[in-house]
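With mmCIF, C-alpha atoms; chains and numbers go by the auth columns inside, this is start.cif:
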```
data_start
#
loop_
_atom_site.group_PDB
_atom_site.id
_atom_site.type_symbol
_atom_site.label_atom_id
_atom_site.label_comp_id
_atom_site.label_asym_id
_atom_site.label_seq_id
_atom_site.Cartn_x
_atom_site.Cartn_y
_atom_site.Cartn_z
_atom_site.B_iso_or_equiv
_atom_site.auth_seq_id
_atom_site.auth_asym_id
ATOM 1 C CA MET A 1 0.000 0.000 0.000 0.00 8 M
ATOM 2 C CA THR A 2 1.260 3.465 -0.838 0.00 9 M
ATOM 3 C CA TYR A 3 0.506 6.610 1.092 0.00 10 M
ATOM 4 C CA ASP A 4 -2.602 8.441 -0.150 0.00 11 M
ATOM 5 C CA LYS A 5 -1.832 12.169 -0.038 0.00 12 M
ATOM 6 C CA ASN A 6 -5.558 12.911 -0.284 0.00 13 M
ATOM 7 C CA ASN A 7 -6.665 11.056 2.840 0.00 14 M
ATOM 8 C CA ILE A 8 -8.660 13.102 5.352 0.00 15 M
ATOM 9 C CA PHE A 9 -5.783 13.437 7.827 0.00 16 M
ATOM 10 C CA ALA A 10 -3.390 14.644 5.122 0.00 17 M
ATOM 11 C CA LYS A 11 -5.979 17.291 4.226 0.00 18 M
ATOM 12 C CA ILE A 12 -6.245 18.336 7.874 0.00 19 M
ATOM 13 C CA LEU A 13 -2.452 18.598 8.112 0.00 20 M
ATOM 14 C CA ARG A 14 -2.380 20.825 5.010 0.00 21 M
ATOM 15 C CA GLY A 15 -5.117 23.037 6.470 0.00 22 M
ATOM 16 C CA GLU A 16 -7.612 22.077 3.768 0.00 23 M
ATOM 17 C CA LEU A 17 -10.050 20.737 6.374 0.00 24 M
ATOM 18 C CA PRO A 18 -10.650 22.182 9.836 0.00 25 M
ATOM 19 C CA CYS A 19 -10.106 20.429 13.141 0.00 26 M
ATOM 20 C CA LYS A 20 -10.508 21.297 16.798 0.00 27 M
ATOM 21 C CA LYS A 21 -6.891 21.058 17.965 0.00 28 M
ATOM 22 C CA VAL A 22 -5.983 19.604 21.320 0.00 29 M
ATOM 23 C CA TYR A 23 -2.206 19.504 20.918 0.00 30 M
ATOM 24 C CA GLU A 24 0.430 20.259 18.298 0.00 31 M
ATOM 25 C CA ASN A 25 4.196 20.281 18.004 0.00 32 M
ATOM 26 C CA ASP A 26 6.632 19.958 15.087 0.00 33 M
ATOM 27 C CA PHE A 27 5.917 16.228 14.723 0.00 34 M
ATOM 28 C CA VAL A 28 2.362 15.606 15.944 0.00 35 M
ATOM 29 C CA LEU A 29 -1.160 16.963 15.625 0.00 36 M
ATOM 30 C CA ALA A 30 -4.009 15.912 17.940 0.00 37 M
ATOM 31 C CA PHE A 31 -7.636 16.928 17.564 0.00 38 M
ATOM 32 C CA TYR A 32 -11.105 15.925 18.688 0.00 39 M
ATOM 33 C CA ASP A 33 -12.786 13.207 16.629 0.00 40 M
ATOM 34 C CA ILE A 34 -15.764 14.572 14.665 0.00 41 M
ATOM 35 C CA ASN A 35 -17.734 11.409 15.528 0.00 42 M
ATOM 36 C CA PRO A 36 -16.754 10.750 19.161 0.00 43 M
ATOM 37 C CA GLN A 37 -17.277 7.252 20.510 0.00 44 M
ATOM 38 C CA LYS A 38 -16.718 8.235 24.160 0.00 45 M
ATOM 39 C CA LYS A 39 -16.943 11.410 26.265 0.00 46 M
ATOM 40 C CA ILE A 40 -13.355 12.250 25.267 0.00 47 M
ATOM 41 C CA HIS A 41 -12.217 10.989 21.855 0.00 48 M
ATOM 42 C CA VAL A 42 -9.050 12.487 20.407 0.00 49 M
ATOM 43 C CA ILE A 43 -7.162 11.527 17.251 0.00 50 M
ATOM 44 C CA VAL A 44 -3.352 11.740 17.335 0.00 51 M
ATOM 45 C CA ILE A 45 -1.440 11.750 14.036 0.00 52 M
ATOM 46 C CA PRO A 46 2.181 12.146 13.047 0.00 53 M
ATOM 47 C CA LYS A 47 2.828 15.006 10.647 0.00 54 M
ATOM 48 C CA GLY A 48 4.863 12.702 8.397 0.00 55 M
ATOM 49 C CA GLU A 49 3.347 10.548 5.674 0.00 56 M
ATOM 50 C CA TYR A 50 3.018 7.183 7.427 0.00 57 M
ATOM 51 C CA ILE A 51 0.344 4.648 6.556 0.00 58 M
ATOM 52 C CA ASP A 52 0.278 2.666 9.791 0.00 59 M
ATOM 53 C CA LEU A 53 2.353 1.732 12.821 0.00 60 M
ATOM 54 C CA ASP A 54 4.489 -0.762 10.871 0.00 61 M
ATOM 55 C CA HIS A 55 5.316 1.840 8.214 0.00 62 M
ATOM 56 C CA PHE A 56 6.022 4.453 10.916 0.00 63 M
ATOM 57 C CA ILE A 57 8.396 2.281 12.968 0.00 64 M
ATOM 58 C CA GLN A 58 10.258 1.122 9.852 0.00 65 M
ATOM 59 C CA ASN A 59 10.638 4.574 8.256 0.00 66 M
ATOM 60 C CA ALA A 60 10.316 7.376 10.800 0.00 67 M
ATOM 61 C CA LYS A 61 13.269 9.126 12.368 0.00 68 M
ATOM 62 C CA ASP A 62 13.863 8.346 16.036 0.00 69 M
ATOM 63 C CA ILE A 63 12.821 11.874 17.022 0.00 70 M
ATOM 64 C CA GLU A 64 9.446 11.394 15.283 0.00 71 M
ATOM 65 C CA ILE A 65 8.816 8.139 17.138 0.00 72 M
ATOM 66 C CA ILE A 66 9.822 9.624 20.483 0.00 73 M
ATOM 67 C CA GLU A 67 7.779 12.787 20.032 0.00 74 M
ATOM 68 C CA PHE A 68 4.714 10.858 18.882 0.00 75 M
ATOM 69 C CA ASN A 69 4.761 8.753 22.035 0.00 76 M
ATOM 70 C CA LYS A 70 5.560 11.683 24.324 0.00 77 M
ATOM 71 C CA ALA A 71 2.652 13.590 22.785 0.00 78 M
ATOM 72 C CA ILE A 72 0.204 10.991 24.068 0.00 79 M
ATOM 73 C CA LEU A 73 1.319 11.609 27.653 0.00 80 M
ATOM 74 C CA ASN A 74 1.123 15.384 27.150 0.00 81 M
ATOM 75 C CA ILE A 75 -2.384 15.075 25.718 0.00 82 M
ATOM 76 C CA VAL A 76 -3.808 12.876 28.490 0.00 83 M
ATOM 77 C CA LYS A 77 -2.303 15.165 31.126 0.00 84 M
ATOM 78 C CA LYS A 78 -3.855 18.194 29.408 0.00 85 M
ATOM 79 C CA LEU A 79 -7.245 16.443 29.250 0.00 86 M
ATOM 80 C CA LYS A 80 -6.912 15.298 32.892 0.00 87 M
ATOM 81 C CA ILE A 81 -7.380 11.629 32.025 0.00 88 M
ATOM 82 C CA SER A 82 -3.855 10.356 32.734 0.00 89 M
ATOM 83 C CA SER A 83 -3.159 7.344 34.934 0.00 90 M
ATOM 84 C CA LYS A 84 -3.037 9.783 37.871 0.00 91 M
ATOM 85 C CA ASP A 85 -6.651 10.626 37.078 0.00 92 M
ATOM 86 C CA ASN A 86 -9.083 7.865 36.064 0.00 93 M
ATOM 87 C CA GLY A 87 -7.151 6.604 33.033 0.00 94 M
ATOM 88 C CA TYR A 88 -7.671 6.291 29.317 0.00 95 M
ATOM 89 C CA ARG A 89 -7.359 3.937 26.350 0.00 96 M
ATOM 90 C CA VAL A 90 -5.119 4.301 23.295 0.00 97 M
ATOM 91 C CA LEU A 91 -6.127 2.388 20.170 0.00 98 M
ATOM 92 C CA SER A 92 -4.688 2.121 16.679 0.00 99 M
ATOM 93 C CA ASN A 93 -6.401 0.121 13.949 0.00 100 M
ATOM 94 C CA ILE A 94 -3.864 -1.305 11.510 0.00 101 M
ATOM 95 C CA GLY A 95 -4.665 -2.804 8.131 0.00 102 M
ATOM 96 C CA ILE A 96 -7.864 -4.310 6.775 0.00 103 M
ATOM 97 C CA ASP A 97 -8.326 -6.946 9.477 0.00 104 M
ATOM 98 C CA GLY A 98 -7.514 -4.378 12.155 0.00 105 M
ATOM 99 C CA GLY A 99 -10.295 -2.088 10.921 0.00 106 M
ATOM 100 C CA GLN A 100 -8.120 0.783 9.674 0.00 107 M
ATOM 101 C CA GLU A 101 -10.280 3.192 7.674 0.00 108 M
ATOM 102 C CA VAL A 102 -7.873 6.083 7.007 0.00 109 M
ATOM 103 C CA PRO A 103 -4.457 5.181 5.521 0.00 110 M
ATOM 104 C CA HIS A 104 -2.533 7.562 7.794 0.00 111 M
ATOM 105 C CA LEU A 105 -1.196 6.333 11.133 0.00 112 M
ATOM 106 C CA HIS A 106 -3.476 7.541 13.886 0.00 113 M
ATOM 107 C CA TYR A 107 -4.150 6.722 17.494 0.00 114 M
ATOM 108 C CA HIS A 108 -7.494 7.180 19.173 0.00 115 M
ATOM 109 C CA ILE A 109 -7.402 8.331 22.787 0.00 116 M
ATOM 110 C CA PHE A 110 -10.582 7.578 24.724 0.00 117 M
ATOM 111 C CA GLY A 111 -11.360 8.801 28.228 0.00 118 M
ATOM 112 C CA GLY A 112 -13.571 10.784 30.522 0.00 119 M
ATOM 113 C CA GLN A 113 -15.712 7.771 31.359 0.00 120 M
ATOM 114 C CA ASN A 114 -15.401 4.023 31.918 0.00 121 M
ATOM 115 C CA ILE A 115 -14.356 2.623 28.544 0.00 122 M
ATOM 116 C CA GLY A 116 -15.443 -0.953 29.231 0.00 123 M
ATOM 117 C CA LYS A 117 -14.075 -4.154 27.768 0.00 124 M
ATOM 118 C CA MET A 118 -11.349 -3.932 25.183 0.00 125 M
ATOM 119 C CA VAL A 119 -13.023 -6.144 22.569 0.00 126 M
ATOM 120 C CA VAL A 120 -16.686 -7.116 22.563 0.00 127 M
#
```

Please go through the file and, once you have read it, give me the structure as structure tokens.
Amino acid sequence: MTYDKNNIFAKILRGELPCKKVYENDFVLAFYDINPQKKIHVIVIPKGEYIDLDHFIQNAKDIEIIEFNKAILNIVKKLKISSKDNGYRVLSNIGIDGGQEVPHLHYHIFGGQNIGKMVV
């Protein structure tokens, strides 16, 4: 699979589509999901063109990988859902069988309520 430069997250990164930003740095953008599944539902994306986690780990620079992971902690602290609060869930769907719908690596952060079982 090749990276689709016209996927929705690429358009958000280019400013062609709006988003309600939660967090941003040189490597990462996080914003509220437009169709939230829980009280808090944030999407976290790298600014680089990475299809999924496999592609990201194999091709990203170390600084991109570090900053992407550090961003998650910064986001949950900002939203007051960190492990010091009541906690949260991070989810990434990868590939067809994993349910990935947008071919740009993205993590969902859920919180603000009891999330329930991991898989039903």

Distance criterion (only C-alpha atoms): nearest to M:Cys26 out of M:Ser89, M:Ile122, M:Ile50, M:Lys12: M:Ile50

Selection result for the PyMOL selection byres ((chain M and resi 33-42) around 12) on this file, as a ChimeraX atom specification: /M:15-17,19-22,24-32,43-57,67-83,85-86,112-118

Measuring atom to atom with all atoms listed in the file, identify which of M:Gly123, M:Leu60, M:Lys87, M:Tyr10 is nearest to M:Pro110.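 Among the listed residues, M:Tyr10 lies closest to M:Pro110.
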
Measure the distance from atom CA of M:Asp11 to atom CA of M:His111 in Å and round it to one decimal.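 Taking atom CA of M:Asp11 as the start and atom CA of M:His111 as the end point, the length is 8.0 Å.
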
Would you work out the distance separating atom CA of M:Glu23 from atom CA of M:Ser99, expressed in Å to one decimal? 23.9 Å

Kindly give the distance, in Å, that separates atom CA of M:Gln120 and atom CA of M:Arg96, rounded to a single decimal.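 Here the two named atoms are 10.5 Å from each other.
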
Around stretch 37-49 of chain M, with edges along x, y and z and 8 Å added on all six sides, what centre and edge lengths do you get, in Å to one decimal, as AutoDock Vina command-line options?
```
--center_x -10.9 --center_y 12.1 --center_z 20.5 --size_x 29.7 --size_y 25.7 --size_z 27.6
```

Rank nothing, just name the residue among M:Asn66, M:Ile58, M:Lys18, M:Asn13 nearest to M:Gln107, using all atoms listed in the file. M:Ile58
